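Visitor: Here you go, one structure.
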Amino acid sequence: MMKKVSFKAMEYGTQADYDLLFAEEAPENGIAERTLGWLKEMDEPSPYHITRLGHSLQAATRAERDGADNETIACALLHDIGDIIAPANHSEVAAALLAPYVSKRNHWIIKHHGIFQGYYWFQFIGGDRNAREKYCDHEYYEACVEFCARWDQTSFDPDYNTLPLEHFEPLVRELFSRDPAPFF
Ligand SMILES: [Fe+2]
Ligand SMILES: [Fe+2]
């Protein structure tokens, strides 16, 4: 039977309780498998020519073929992972999931890719396609423009030779096996 903490309200927690909890919650806690499961749920028909899973795989494939490092390829794969529960702010959800495991640069790109990607479509819904210009002096501005131009906005093509999810699974597992950055 699984060992339990001594408390039923957090105000009574002890060091021994938190030693137990952190031993239970340490690394191989299934985040990678859950995230991969989440990606698979994105394989639903849509008005695009490919599914959202197909889009994610294609973005990652393009990143790999452009010579991106493994972390960046994994970020390309997971950049839209928030879409399934938070379509209105999916960039922030994906960025929050990845934040403890990726570089500041990759985190910033994922967090802002939605507004940068808007360059291609905000004008069709009465918005400002140049909304991203407010970040024009930011050190990662160009990198985010590139991310969208090369890998995101291009990846809706059913005829592109996209690699399967199995190809990228080791990258996702490696990413989430890293020691997460502390959140305090
Ligand atoms: Fe997106
Ligand atoms: Fe996307």
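Residues in the structure tokens are numbered from 1 in each chain, the chains being A, B, ... in the order shown, and ligands are numbered from 1 in the order shown.
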Tell me, as a list in words, which residues lie within 10 Å of A:Ile73, counting only C-alpha atoms; anything in the same chain fewer than 6 positions away does not count.
Guide: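 Non-adjacent residues within range: Leu57, Ala59, Ala60, Thr61, Arg62, Ala63, Glu64, Arg65, Asp66, Gly67, His79, Phe168, Leu171 and Val172 of chain A.
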Visitor: Please give me, as a list in words, the residues lying within 6 Å of ligand 1 when counting only C-alpha atoms and all ligand atoms.
Guide: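 Final answer, ordered by chain and number: Asp80, Ser91 and Gly114 of chain A.
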Visitor: Can you tell me which residues surround A:Glu166 at a distance of at most 12 Å, considering only C-alpha atoms, apart from same-chain residues fewer than 4 positions away, and format the answer as a PyMOL selection string?
Guide: chain A and resi 36+39-40+57+77+162+170-173
Visitor: Atom CA of A:Ala23 and atom CA of A:Leu175 are how many Å apart?
Guide: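 Between these atoms lies a distance of 19.8 Å.
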Visitor: Please extract the residues at most 9 Å from ligand 2, counting only C-alpha atoms and all ligand atoms, and provide them as a PyMOL selection string, using the chain letters and residue numbers of this document.
Guide: chain A and resi 52+55-56+59+76-80+113-114+117+148+151-153+155-156
Visitor: Take the selection from the previous step and output its residues with C-alpha atoms, as a PDB file, in the first residue's frame.
Guide:
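In the end it all went to out_23.pdb:
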ATOM      1  CA  ARG A  52      -3.497  19.657 -35.427  1.00  0.00           C
ATOM      2  CA  HIS A  55       0.562  20.336 -38.076  1.00  0.00           C
ATOM      3  CA  SER A  56       2.660  19.801 -34.953  1.00  0.00           C
ATOM      4  CA  ALA A  59       6.505  21.892 -37.727  1.00  0.00           C
ATOM      5  CA  ALA A  76       8.198  22.921 -32.429  1.00  0.00           C
ATOM      6  CA  LEU A  77       6.362  19.648 -31.802  1.00  0.00           C
ATOM      7  CA  LEU A  78       4.673  20.957 -28.644  1.00  0.00           C
ATOM      8  CA  HIS A  79       4.095  24.620 -29.558  1.00  0.00           C
ATOM      9  CA  ASP A  80       0.328  24.141 -29.999  1.00  0.00           C
ATOM     10  CA  HIS A 113       4.159  32.539 -31.201  1.00  0.00           C
ATOM     11  CA  GLY A 114       0.393  33.134 -31.255  1.00  0.00           C
ATOM     12  CA  GLN A 117       1.632  34.013 -36.128  1.00  0.00           C
ATOM     13  CA  CYS A 148       6.531  31.285 -37.484  1.00  0.00           C
ATOM     14  CA  TRP A 151       7.988  26.132 -39.282  1.00  0.00           C
ATOM     15  CA  ASP A 152       4.548  27.239 -38.073  1.00  0.00           C
ATOM     16  CA  GLN A 153       2.727  29.058 -40.878  1.00  0.00           C
ATOM     17  CA  SER A 155       3.002  23.463 -41.734  1.00  0.00           C
ATOM     18  CA  PHE A 156      -0.487  22.912 -43.079  1.00  0.00           C
TER      19      PHE A 156
END
Visitor: Grab the atom CA of A:Trp38 to atom CA of A:Asn70 distance for me, in Å with one decimal place.
Guide: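 That distance, rounded to one decimal, is 20.0 Å.
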Visitor: One decimal, Å: what's the distance from atom CA of A:Ile125 over to atom CA of A:Pro47, could you say?
Guide: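 Between these atoms lies a distance of 16.9 Å.
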Visitor: Given the choices A:Ala32, A:Ala74, A:Ala143, A:Leu165, which gets closest to A:Ser177 if the distance is worked out from only C-alpha atoms?
Guide: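 That would be A:Ala32, the residue with the smallest distance to A:Ser177.
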Visitor: From the set A:Ile85, A:Ile110, A:Leu163, A:Cys75, which residue has the shortest atom-to-atom contact distance to A:Tyr141, counting only C-alpha atoms?
Guide: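 Of A:Ile85, A:Ile110, A:Leu163, A:Cys75, the one nearest A:Tyr141, counting only C-alpha atoms, is A:Ile110.
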Visitor: Any idea what's packed within 8 Å of A:Glu92, counting only C-alpha atoms, ignoring anything in its chain fewer than 2 positions away? Could you give it as JSON, numbers by chain?
Guide: {"A": [82, 89, 90, 94, 95, 96, 110, 111, 112]}
Visitor: Keeping only C-alpha atoms, write the selected residues as an mmCIF file, in the first residue's frame.
Guide:
data_model
loop_
_atom_site.group_PDB
_atom_site.id
_atom_site.type_symbol
_atom_site.label_atom_id
_atom_site.label_comp_id
_atom_site.auth_asym_id
_atom_site.auth_seq_id
_atom_site.Cartn_x
_atom_site.Cartn_y
_atom_site.Cartn_z
ATOM 1 C CA GLY A 82 -2.403 24.138 -25.317
ATOM 2 C CA ASN A 89 -4.487 31.489 -25.172
ATOM 3 C CA HIS A 90 -2.883 28.246 -26.272
ATOM 4 C CA ALA A 94 2.188 25.478 -24.031
ATOM 5 C CA ALA A 95 4.813 27.891 -22.695
ATOM 6 C CA ALA A 96 3.769 27.225 -19.099
ATOM 7 C CA ILE A 110 6.479 29.460 -27.608
ATOM 8 C CA LYS A 111 4.751 31.981 -25.348
ATOM 9 C CA HIS A 112 4.568 34.632 -28.064
#
Visitor: Return the single residue from A:Val102, A:Thr51, A:Ile115, A:Phe7 that is closest to A:Ala88, with distances computed using only C-alpha atoms.
Guide: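 Closest to A:Ala88 of all the choices is A:Ile115.
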Visitor: Taking only C-alpha atoms into account, name the residue in A:Arg105, A:Ala68, A:Val5, A:Gly54 that is nearest to A:Tyr140.
Guide: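 Nearest candidate to A:Tyr140 out of A:Arg105, A:Ala68, A:Val5, A:Gly54: A:Arg105.
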Visitor: Which residue out of A:Val93, A:Ile50, A:Cys136, A:Ala181 has the minimum interatomic distance to A:Pro158 when only C-alpha atoms are used?
Guide: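 Checking each of A:Val93, A:Ile50, A:Cys136, A:Ala181 against A:Pro158, counting only C-alpha atoms, the winner is A:Ile50.
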Visitor: In terms of the shortest atom-to-atom distance over only C-alpha atoms, which of A:Glu174, A:Ser6, A:Pro45, A:Gly118 is closest to A:Glu71?
Guide: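 Distance minimum relative to A:Glu71 lands on A:Glu174.
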Visitor: Quick one: DSSP helix (DSSP H, G or I) residues in chain A, as a count of residues only?
Guide: 117
